[in-house]
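Asker: For reference, the structure I am asking about is given below.
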Number of protein chains: 2
Amino acid sequence: MNKIKVIIADDHELFRNGLKELLIKHDDIEVVDMVGDGNQFINAIQSIPDVNIVLLDLTMPNMDGFEVLKTLKDYNTNIKPIIISMHNDGNYIAKSAKAGAYGYLLKNTDEDELIKVIRLVSQNKKYFSPNIAEKMINFMSEHKVSENILSNKEKEVLGLISEGLTTKEIAAKLFVSTRTIETHRANVLKKLEVKNTAELIKKATQINLI
Amino acid sequence: MNKIKVIIADDHELFRNGLKELLIKHDDIEVVDMVGDGNQFINAIQSIPDVNIVLLDLTMPNMDGFEVLKTLKDYNTNIKPIIISMHNDGNYIAKSAKAGAYGYLLKNTDEDELIKVIRLVSQNKKYFSPNIAEKMINFMSEHKVSENILSNKEKEVLGLISEGLTTKEIAAKLFVSTRTIETHRANVLKKLEVKNTAELIKKATQINLI
DNA sequence: ATTTATATCCGTATAAATACGGATGCCTGA
DNA sequence: TCAGGCATCCGTATTTATACGGATATAAAT
């Protein structure tokens with residue numbers, strides 16, 4: 001019988017090691033490698049053949065989970081990614097699904113669920129638990145799946161706002177009129193569906209825009 | 001030989017379970033319970049005797065790690081807390097040490113270090129790894145160890161600001177005058193050493209105040 | 001080729017936030 | 001008991017941000 005070959009990609013060594021111990025208790029699963037960031041993962045799969053599944057954390061240094069998903073798609077591999085994240089966030093879930101994830105688990109799901117999903121995905125099935133799927137659906141109905149919500153200029157302005165610059169200061173820095181910055185500001189507020197600076201910065205932080 | 005009795009307190013089930021598997025490979029260590037938040041932990045130690053060590057996450061629902069540390073001190077127990085956090089943050093480290101932690105580990109330390117620290121602490125020794133200690137020292141030299149930088153009211157106001165409420169709305173909600181909220185707001189800005197709302201929310205997010 | 005998004009600018013107004021410099025009663029810890 | 005932090009309130013003034021409702025040129029997309 002062929003074991004399911006799994007790679008663990010997570011930047012927390014204790015988590016990686018612990019997860020490994022959980023997995024190897026199951027005879028049909030084999031942990032072929034563990035890596036601490038996306039770059040290491042991409043390197044690893046060059047030399048390891050027939051990997052079935054990667055358990056992928058979204059927040060990692062060097063190359064994060066989303067970039068890994070994209071790279072896997074570009075490479076057209078057979079490796080099926082399952083996200084293991086601590087963020088129960090509609091945007092993250094939707095983005096992951098869109099980028100090709102086969103499953104999305106929270107770090108506080110239980111061992112049984114984890115094993116179940118690994119087995120399902122190894123048979124080429126996608127699995128998102130009911131509550132995760134619900135989060136995603138709610139999110140998508142309310143927001144457009146926010147990939148590039150903001151234009152480059154808007155992102156730039158947002159960045160400067162988050163550093164505490166006022167509209168006037170930003171205008172001076174970018175050599176445009178304050179009216180221009182005010183418009184950018186208003187557009188950013190509208191796009192992120194918030195009504196003032198405080199909410200803006202909070203939301204931008206949550207969805208990792210700054 | 002008496003085993004070292006350990007409780008694991010972390011809100012991520014996969015992490016808890018994984019950690020347990022790591023620990024029970026060592027004959028001198030016994031995991032007597034696992035809990036998902038501070039309240040559960042406090043309940044657990046009422047009924048479990050002679051617990052030596054708690055591996056304690058800082059960010060947990062209901063009752064976070066810092067509150068647990070405080071409670072342990074108040075109760076005057078023999079349970080020695082070791083922090084296991086993902087935040088390599090001077091403020092967190094300093095606060096933990098001050099609140100009675102016997103050690104501070106990052107979630108990306110390796111298994112050997114973890115076991116080493118557990119054994120040391122079980123012999124009533126404190127252990128902070130060199131890089132952790134360095135972080136703490138640097139932090140303390142630059143900042144005053146910010147324990148309760150903000151008063152309860154200020155925290156409350158900050159929370160409402162972060163939800164996008166205006167000064168007027170907050171005043172209405174808390175049944176006080178807008179001047180009062182303005183003062184709180186000004187004091188929060190001063191204490192966090194920022195100059196406007198945008199910076200405020202960013203900083204508050206960084207140091208996990210909201 | 002026509003729509004759509006972007007970046008730029010303008011006016012008028014109001015609402016909100018920030019910066020000063022005060023004051024008082026209350027509670028708590030040294 | 002007494003100092004100090006806290007929560008509460010007040011006035012005055014200025015600066016910023018938000019809300020309307022426009023416009024134009026360019027570039028990208030359908």
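Residue names in the structure tokens use chain letters A, B, ... in the order shown, residue numbers from 1 in each chain, and ligand numbers from 1 in the order shown.
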Tell me, as a CSV table (one decimal) with C-alpha atoms (C1' of nucleotides), in the first residue's frame, which residues lie within 12 Å of region 14-19 of chain C, counting only C-alpha atoms (C1' of nucleotides); anything in the same chain fewer than 5 positions away does not count.
Answerer:
```
chain,number,residue,atom,x,y,z
A,166,THR,CA,-1.7,63.7,7.3
A,196,ASN,CA,-13.1,56.6,9.0
A,197,THR,CA,-9.4,56.3,9.5
A,198,ALA,CA,-9.5,54.2,12.6
B,161,ILE,CA,-12.2,53.9,18.4
B,165,LEU,CA,-16.9,55.0,16.5
B,166,THR,CA,-16.4,58.7,16.6
B,167,THR,CA,-15.7,60.6,19.9
B,168,LYS,CA,-19.4,61.7,20.0
B,169,GLU,CA,-20.7,58.1,19.5
B,178,THR,CA,-17.6,64.2,24.6
B,179,ARG,CA,-14.9,66.2,26.4
B,181,ILE,CA,-13.7,61.0,25.6
B,182,GLU,CA,-11.6,63.6,24.0
B,183,THR,CA,-9.4,63.6,27.0
B,185,ARG,CA,-8.2,60.0,23.4
B,186,ALA,CA,-5.5,62.6,24.0
B,187,ASN,CA,-4.1,60.6,26.9
B,189,LEU,CA,-2.2,59.2,22.0
B,190,LYS,CA,0.4,60.5,24.5
B,194,VAL,CA,1.7,58.6,18.5
B,195,LYS,CA,0.2,61.7,17.0
B,196,ASN,CA,-3.0,60.7,15.3
B,197,THR,CA,-5.7,58.0,15.0
B,198,ALA,CA,-4.0,56.2,12.1
D,12,DT,C1',-10.9,78.1,23.1
D,13,DA,C1',-8.6,77.5,18.8
D,14,DT,C1',-6.8,75.2,14.9
D,15,DT,C1',-6.1,71.6,11.9
D,16,DT,C1',-7.8,67.4,9.7
D,17,DA,C1',-11.0,64.5,7.8
D,18,DT,C1',-15.3,63.4,5.7
D,19,DA,C1',-19.3,64.4,2.5
D,20,DC,C1',-21.3,66.3,-1.2
```
Asker: Output the contact residues of chain D with respect to chain B at a cut-off of 8 Å, based on only C-alpha atoms (C1' of nucleotides), as number ranges by chain.
Answerer: D: 6-10
Asker: Mind dumping a table of every chain C residue within 12 Å of chain A, with the nearest atom pair and its distance in Å to one decimal, using only C-alpha atoms (C1' of nucleotides), sorted by chain and rising number, as a tab-separated table?
Answerer:
```
residue	atom	partner	partner_atom	distance
C:DA5	C1'	A:Ser151	CA	9.1
C:DT6	C1'	A:Ser151	CA	7.7
C:DA7	C1'	A:Thr180	CA	8.1
C:DT8	C1'	A:Thr180	CA	6.3
C:DC9	C1'	A:Thr180	CA	6.6
C:DC10	C1'	A:Arg179	CA	7.9
C:DG11	C1'	A:Arg179	CA	10.6
C:DA15	C1'	A:Asn196	CA	11.8
C:DA16	C1'	A:Asn196	CA	10.2
C:DA17	C1'	A:Thr197	CA	11.1
```
Asker: Can you build me a table of chain B residues sitting at most 6 Å from chain A, with the closest atom pair per residue and its distance in Å to one decimal, using only C-alpha atoms, sorted by chain and residue number, as a Markdown table?
Answerer:
```
| residue | atom | partner | partner_atom | distance |
| --- | --- | --- | --- | --- |
| B:His12 | CA | A:Asn108 | CA | 4.0 |
| B:Glu13 | CA | A:Asn108 | CA | 4.2 |
| B:Leu14 | CA | A:Lys107 | CA | 5.5 |
| B:Phe15 | CA | A:Phe15 | CA | 5.8 |
| B:Gly18 | CA | A:Gly18 | CA | 3.5 |
| B:Leu19 | CA | A:Gly18 | CA | 5.0 |
| B:Glu21 | CA | A:Glu21 | CA | 6.0 |
| B:Leu22 | CA | A:Gly18 | CA | 5.8 |
| B:Lys107 | CA | A:His12 | CA | 5.2 |
| B:Asn108 | CA | A:His12 | CA | 4.0 |
| B:Thr109 | CA | A:Glu13 | CA | 5.9 |
| B:Asp110 | CA | A:Glu13 | CA | 5.9 |
| B:Ser162 | CA | A:Ala198 | CA | 5.3 |
| B:Glu163 | CA | A:Glu199 | CA | 5.8 |
| B:Gly164 | CA | A:Glu199 | CA | 4.7 |
| B:Thr197 | CA | A:Ala198 | CA | 5.9 |
| B:Ala198 | CA | A:Ser162 | CA | 5.4 |
| B:Glu199 | CA | A:Gly164 | CA | 4.7 |
```
Asker: Store the residues picked out above, limited to all heavy atoms, as a short mmCIF file (atom, residue, chain, number, x, y, z; two decimals), in the first residue's frame.
Answerer:
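And here's out.cif as it stands now:
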```cif
data_model
loop_
_atom_site.label_atom_id
_atom_site.label_comp_id
_atom_site.auth_asym_id
_atom_site.auth_seq_id
_atom_site.Cartn_x
_atom_site.Cartn_y
_atom_site.Cartn_z
N HIS B 12 -5.00 26.45 20.42
CA HIS B 12 -5.01 25.71 19.16
C HIS B 12 -4.89 24.21 19.42
O HIS B 12 -3.85 23.72 19.83
CB HIS B 12 -3.86 26.17 18.26
CG HIS B 12 -4.02 27.58 17.81
ND1 HIS B 12 -3.02 28.52 17.90
CD2 HIS B 12 -5.09 28.23 17.28
CE1 HIS B 12 -3.45 29.67 17.44
NE2 HIS B 12 -4.70 29.53 17.06
N GLU B 13 -5.97 23.52 19.14
CA GLU B 13 -6.01 22.10 19.48
C GLU B 13 -4.90 21.31 18.80
O GLU B 13 -4.28 20.44 19.43
CB GLU B 13 -7.39 21.52 19.11
CG GLU B 13 -7.47 20.03 19.36
CD GLU B 13 -8.89 19.54 19.61
OE1 GLU B 13 -9.81 20.37 19.72
OE2 GLU B 13 -9.06 18.32 19.71
N LEU B 14 -4.66 21.59 17.55
CA LEU B 14 -3.61 20.84 16.85
C LEU B 14 -2.26 21.06 17.52
O LEU B 14 -1.46 20.13 17.65
CB LEU B 14 -3.53 21.26 15.38
CG LEU B 14 -4.55 20.63 14.43
CD1 LEU B 14 -4.31 21.12 13.01
CD2 LEU B 14 -4.48 19.10 14.48
N PHE B 15 -2.03 22.28 17.96
CA PHE B 15 -0.76 22.56 18.63
C PHE B 15 -0.68 21.82 19.97
O PHE B 15 0.34 21.19 20.27
CB PHE B 15 -0.61 24.07 18.84
CG PHE B 15 0.72 24.45 19.45
CD1 PHE B 15 1.87 24.47 18.68
CD2 PHE B 15 0.81 24.77 20.80
CE1 PHE B 15 3.09 24.81 19.23
CE2 PHE B 15 2.04 25.12 21.36
CZ PHE B 15 3.18 25.13 20.57
N GLY B 18 -0.17 18.12 19.29
CA GLY B 18 1.17 17.87 18.78
C GLY B 18 2.21 17.98 19.88
O GLY B 18 3.09 17.13 20.03
N LEU B 19 2.08 19.03 20.66
CA LEU B 19 3.02 19.26 21.75
C LEU B 19 3.00 18.08 22.72
O LEU B 19 4.05 17.61 23.18
CB LEU B 19 2.62 20.55 22.48
CG LEU B 19 3.66 21.22 23.36
CD1 LEU B 19 4.94 21.47 22.58
CD2 LEU B 19 3.12 22.54 23.90
N GLU B 21 2.34 15.01 22.10
CA GLU B 21 3.06 13.87 21.52
C GLU B 21 4.57 14.04 21.67
O GLU B 21 5.29 13.09 21.93
CB GLU B 21 2.71 13.72 20.03
CG GLU B 21 1.24 13.46 19.74
CD GLU B 21 0.77 12.11 20.29
OE1 GLU B 21 1.60 11.18 20.38
OE2 GLU B 21 -0.43 11.99 20.62
N LEU B 22 5.01 15.30 21.51
CA LEU B 22 6.44 15.56 21.67
C LEU B 22 6.88 15.26 23.10
O LEU B 22 7.94 14.67 23.33
CB LEU B 22 6.75 17.02 21.35
CG LEU B 22 6.73 17.48 19.90
CD1 LEU B 22 7.17 18.93 19.80
CD2 LEU B 22 7.65 16.60 19.07
N LYS B 107 7.47 29.74 19.64
CA LYS B 107 6.92 28.53 19.02
C LYS B 107 7.84 27.97 17.95
O LYS B 107 7.62 26.88 17.45
CB LYS B 107 5.52 28.81 18.46
CG LYS B 107 4.47 28.89 19.55
CD LYS B 107 3.05 28.85 19.04
CE LYS B 107 2.09 28.85 20.24
NZ LYS B 107 0.66 28.93 19.82
N ASN B 108 8.83 28.73 17.58
CA ASN B 108 9.78 28.11 16.65
C ASN B 108 11.11 27.72 17.30
O ASN B 108 12.12 27.62 16.64
CB ASN B 108 10.00 28.98 15.41
CG ASN B 108 10.49 30.35 15.75
OD1 ASN B 108 10.92 30.59 16.87
ND2 ASN B 108 10.43 31.25 14.80
N THR B 109 11.10 27.50 18.59
CA THR B 109 12.28 26.87 19.18
C THR B 109 12.18 25.37 18.94
O THR B 109 11.14 24.85 18.58
CB THR B 109 12.37 27.11 20.70
OG1 THR B 109 11.13 26.74 21.29
CG2 THR B 109 12.68 28.54 21.02
N ASP B 110 13.29 24.69 19.13
CA ASP B 110 13.27 23.27 18.83
C ASP B 110 12.94 22.44 20.07
O ASP B 110 12.92 22.91 21.20
CB ASP B 110 14.59 22.83 18.20
CG ASP B 110 15.76 23.11 19.11
OD1 ASP B 110 15.77 22.58 20.24
OD2 ASP B 110 16.65 23.86 18.71
N SER B 162 -11.31 51.85 17.59
CA SER B 162 -10.87 50.90 16.55
C SER B 162 -12.05 50.30 15.80
O SER B 162 -11.89 49.77 14.72
CB SER B 162 -10.04 49.79 17.17
OG SER B 162 -10.89 48.82 17.76
N GLU B 163 -13.22 50.37 16.39
CA GLU B 163 -14.40 49.88 15.69
C GLU B 163 -15.03 50.95 14.81
O GLU B 163 -16.09 50.75 14.23
CB GLU B 163 -15.43 49.36 16.69
CG GLU B 163 -15.05 48.01 17.28
CD GLU B 163 -15.93 47.65 18.46
OE1 GLU B 163 -17.05 48.16 18.53
OE2 GLU B 163 -15.48 46.87 19.31
N GLY B 164 -14.40 52.10 14.78
CA GLY B 164 -14.86 53.14 13.88
C GLY B 164 -15.83 54.13 14.52
O GLY B 164 -16.35 55.00 13.84
N THR B 197 -4.89 59.25 14.89
CA THR B 197 -5.66 58.02 14.95
C THR B 197 -5.04 56.89 14.14
O THR B 197 -4.99 55.74 14.59
CB THR B 197 -7.09 58.28 14.44
OG1 THR B 197 -7.64 59.37 15.18
CG2 THR B 197 -7.96 57.07 14.63
N ALA B 198 -4.59 57.25 12.95
CA ALA B 198 -4.04 56.21 12.08
C ALA B 198 -2.87 55.50 12.76
O ALA B 198 -2.85 54.27 12.89
CB ALA B 198 -3.58 56.82 10.76
N GLU B 199 -1.93 56.29 13.23
CA GLU B 199 -0.77 55.71 13.92
C GLU B 199 -1.20 54.95 15.17
O GLU B 199 -0.65 53.89 15.49
CB GLU B 199 0.18 56.84 14.33
CG GLU B 199 1.45 56.91 13.54
CD GLU B 199 2.42 57.85 14.23
OE1 GLU B 199 2.05 59.01 14.50
OE2 GLU B 199 3.53 57.42 14.54
#
```
Asker: What residues in region 40-133 of chain B get the DSSP label helix (DSSP H, G or I)? Please answer as a ChimeraX atom specification.
Answerer: /B:40-47,65-75,90-98,111-122,130-133
Asker: With N, CA and C atoms retained, could you export that selection as a tab-separated table (two decimals), in the first residue's frame?
Answerer:
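The resulting file, part_14.tsv, is reproduced below:
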```tsv
chain	number	residue	atom	x	y	z
B	40	GLN	N	-10.38	27.57	31.74
B	40	GLN	CA	-10.28	26.11	31.84
B	40	GLN	C	-9.07	25.70	32.66
B	41	PHE	N	-8.00	26.44	32.49
B	41	PHE	CA	-6.79	26.12	33.24
B	41	PHE	C	-7.00	26.29	34.74
B	42	ILE	N	-7.56	27.44	35.10
B	42	ILE	CA	-7.80	27.70	36.52
B	42	ILE	C	-8.73	26.64	37.11
B	43	ASN	N	-9.74	26.25	36.34
B	43	ASN	CA	-10.61	25.17	36.80
B	43	ASN	C	-9.84	23.87	36.96
B	44	ALA	N	-9.01	23.58	35.99
B	44	ALA	CA	-8.30	22.31	35.97
B	44	ALA	C	-7.44	22.13	37.23
B	45	ILE	N	-6.73	23.21	37.61
B	45	ILE	CA	-5.79	23.04	38.72
B	45	ILE	C	-6.50	22.93	40.07
B	46	GLN	N	-7.79	23.18	40.09
B	46	GLN	CA	-8.52	22.95	41.35
B	46	GLN	C	-8.56	21.46	41.67
B	47	SER	N	-8.64	20.65	40.62
B	47	SER	CA	-8.85	19.22	40.84
B	47	SER	C	-7.62	18.37	40.59
B	65	GLY	N	-2.83	34.69	28.79
B	65	GLY	CA	-1.69	34.22	29.55
B	65	GLY	C	-1.27	35.15	30.67
B	66	PHE	N	-1.31	36.44	30.40
B	66	PHE	CA	-0.89	37.39	31.43
B	66	PHE	C	-1.81	37.31	32.65
B	67	GLU	N	-3.08	37.18	32.40
B	67	GLU	CA	-4.01	37.07	33.52
B	67	GLU	C	-3.77	35.78	34.29
B	68	VAL	N	-3.45	34.74	33.55
B	68	VAL	CA	-3.15	33.47	34.22
B	68	VAL	C	-1.93	33.63	35.13
B	69	LEU	N	-0.91	34.29	34.62
B	69	LEU	CA	0.30	34.50	35.41
B	69	LEU	C	-0.05	35.23	36.71
B	70	LYS	N	-0.85	36.26	36.57
B	70	LYS	CA	-1.24	37.04	37.74
B	70	LYS	C	-2.01	36.17	38.74
B	71	THR	N	-2.92	35.39	38.20
B	71	THR	CA	-3.74	34.54	39.07
B	71	THR	C	-2.88	33.52	39.80
B	72	LEU	N	-1.94	32.94	39.10
B	72	LEU	CA	-1.05	31.96	39.74
B	72	LEU	C	-0.29	32.59	40.90
B	73	LYS	N	0.14	33.82	40.67
B	73	LYS	CA	0.87	34.53	41.72
B	73	LYS	C	-0.05	34.75	42.93
B	74	ASP	N	-1.26	35.19	42.66
B	74	ASP	CA	-2.21	35.46	43.73
B	74	ASP	C	-2.52	34.19	44.53
B	75	TYR	N	-2.65	33.10	43.81
B	75	TYR	CA	-3.01	31.83	44.46
B	75	TYR	C	-1.83	31.24	45.22
B	90	GLY	N	9.75	42.27	22.72
B	90	GLY	CA	10.35	42.68	23.98
B	90	GLY	C	9.34	42.97	25.07
B	91	ASN	N	8.28	43.60	24.69
B	91	ASN	CA	7.27	43.97	25.68
B	91	ASN	C	6.62	42.73	26.28
B	92	TYR	N	6.28	41.78	25.44
B	92	TYR	CA	5.68	40.53	25.92
B	92	TYR	C	6.63	39.81	26.86
B	93	ILE	N	7.86	39.74	26.43
B	93	ILE	CA	8.85	39.01	27.22
B	93	ILE	C	9.02	39.65	28.59
B	94	ALA	N	9.21	40.97	28.57
B	94	ALA	CA	9.43	41.69	29.83
B	94	ALA	C	8.21	41.57	30.75
B	95	LYS	N	7.05	41.71	30.16
B	95	LYS	CA	5.82	41.61	30.94
B	95	LYS	C	5.69	40.22	31.57
B	96	SER	N	6.03	39.20	30.78
B	96	SER	CA	5.92	37.83	31.29
B	96	SER	C	6.88	37.61	32.45
B	97	ALA	N	8.11	38.06	32.26
B	97	ALA	CA	9.11	37.86	33.31
B	97	ALA	C	8.66	38.55	34.59
B	98	LYS	N	8.18	39.75	34.42
B	98	LYS	CA	7.73	40.53	35.56
B	98	LYS	C	6.55	39.87	36.26
B	111	GLU	N	12.68	21.19	19.80
B	111	GLU	CA	12.22	20.27	20.82
B	111	GLU	C	13.22	20.14	21.97
B	112	ASP	N	14.49	20.08	21.62
B	112	ASP	CA	15.52	19.92	22.65
B	112	ASP	C	15.48	21.05	23.67
B	113	GLU	N	15.37	22.25	23.13
B	113	GLU	CA	15.32	23.43	24.00
B	113	GLU	C	14.11	23.35	24.92
B	114	LEU	N	12.99	22.97	24.35
B	114	LEU	CA	11.76	22.85	25.13
B	114	LEU	C	11.96	21.89	26.31
B	115	ILE	N	12.48	20.73	26.01
B	115	ILE	CA	12.67	19.72	27.05
B	115	ILE	C	13.67	20.21	28.10
B	116	LYS	N	14.71	20.83	27.60
B	116	LYS	CA	15.73	21.37	28.51
B	116	LYS	C	15.11	22.35	29.50
B	117	VAL	N	14.32	23.24	28.96
B	117	VAL	CA	13.73	24.27	29.81
B	117	VAL	C	12.76	23.65	30.82
B	118	ILE	N	11.97	22.70	30.36
B	118	ILE	CA	11.03	22.05	31.28
B	118	ILE	C	11.78	21.42	32.45
B	119	ARG	N	12.87	20.74	32.14
B	119	ARG	CA	13.63	20.09	33.22
B	119	ARG	C	14.25	21.10	34.17
B	120	LEU	N	14.80	22.17	33.60
B	120	LEU	CA	15.39	23.21	34.44
B	120	LEU	C	14.34	23.83	35.37
B	121	VAL	N	13.24	24.19	34.77
B	121	VAL	CA	12.21	24.88	35.54
B	121	VAL	C	11.63	23.96	36.62
B	122	SER	N	11.56	22.69	36.28
B	122	SER	CA	11.02	21.74	37.28
B	122	SER	C	11.93	21.68	38.50
B	130	PRO	N	19.38	33.07	25.65
B	130	PRO	CA	20.15	34.30	25.46
B	130	PRO	C	19.46	35.32	24.54
B	131	ASN	N	18.92	34.87	23.42
B	131	ASN	CA	18.32	35.85	22.51
B	131	ASN	C	17.03	36.44	23.08
B	132	ILE	N	16.31	35.64	23.83
B	132	ILE	CA	15.11	36.15	24.48
B	132	ILE	C	15.49	37.17	25.55
B	133	ALA	N	16.48	36.82	26.33
B	133	ALA	CA	16.93	37.73	27.39
B	133	ALA	C	17.43	39.05	26.79
```
Asker: Just the number, please: distance in Å from CA of Asp27 (chain B) to CA of Ala9 (chain B), one decimal.
Answerer: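 Computing the Euclidean distance for CA of Asp27 (chain B) and CA of Ala9 (chain B) yields 20.8 Å.
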Asker: Could you please write out, as a VMD selection string, every residue of region 84-152 of chain B that DSSP assigns to strand (DSSP E or B)?
Answerer: chain B and resid 84 to 85 103 to 106 127
Asker: Produce a table with one row for each residue of chain C that has an atom at most 10 Å from any atom of region 1-4 of chain D, each row naming the nearest atom pair and its distance in Å at one decimal; use only C-alpha atoms (C1' of nucleotides); arrange rows by chain and rising residue number; format as a Markdown table.
Answerer:
```
| residue | atom | partner | partner_atom | distance |
| --- | --- | --- | --- | --- |
| C:DT28 | C1' | D:DG4 | C1' | 9.2 |
| C:DG29 | C1' | D:DG4 | C1' | 9.4 |
| C:DA30 | C1' | D:DA3 | C1' | 9.0 |
```
Asker: Would you save the residues from that selection as a short mmCIF file (atom, residue, chain, number, x, y, z; two decimals), in the first residue's frame, using N, CA and C atoms (P, O5', C5', C4', C3', O3' and C1' of nucleotides)?
Answerer:
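Done, and the output landed in part_7.cif:
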```
data_model
loop_
_atom_site.label_atom_id
_atom_site.label_comp_id
_atom_site.auth_asym_id
_atom_site.auth_seq_id
_atom_site.Cartn_x
_atom_site.Cartn_y
_atom_site.Cartn_z
P DT C 28 -10.11 51.28 45.93
"O5'" DT C 28 -8.61 50.95 45.48
"C5'" DT C 28 -8.02 51.63 44.39
"C4'" DT C 28 -6.53 51.80 44.64
"C3'" DT C 28 -5.96 50.89 45.74
"O3'" DT C 28 -4.67 50.48 45.35
"C1'" DT C 28 -5.49 53.11 46.27
P DG C 29 -4.07 49.07 45.91
"O5'" DG C 29 -2.50 49.25 45.67
"C5'" DG C 29 -2.03 50.22 44.76
"C4'" DG C 29 -0.91 51.04 45.40
"C3'" DG C 29 -0.01 50.27 46.36
"O3'" DG C 29 1.30 50.77 46.23
"C1'" DG C 29 -0.97 52.05 47.52
P DA C 30 2.53 49.90 46.78
"O5'" DA C 30 3.54 50.98 47.36
"C5'" DA C 30 3.63 52.27 46.74
"C4'" DA C 30 4.08 53.29 47.77
"C3'" DA C 30 5.10 52.77 48.79
"O3'" DA C 30 6.12 53.73 48.99
"C1'" DA C 30 3.22 53.60 49.93
#
```
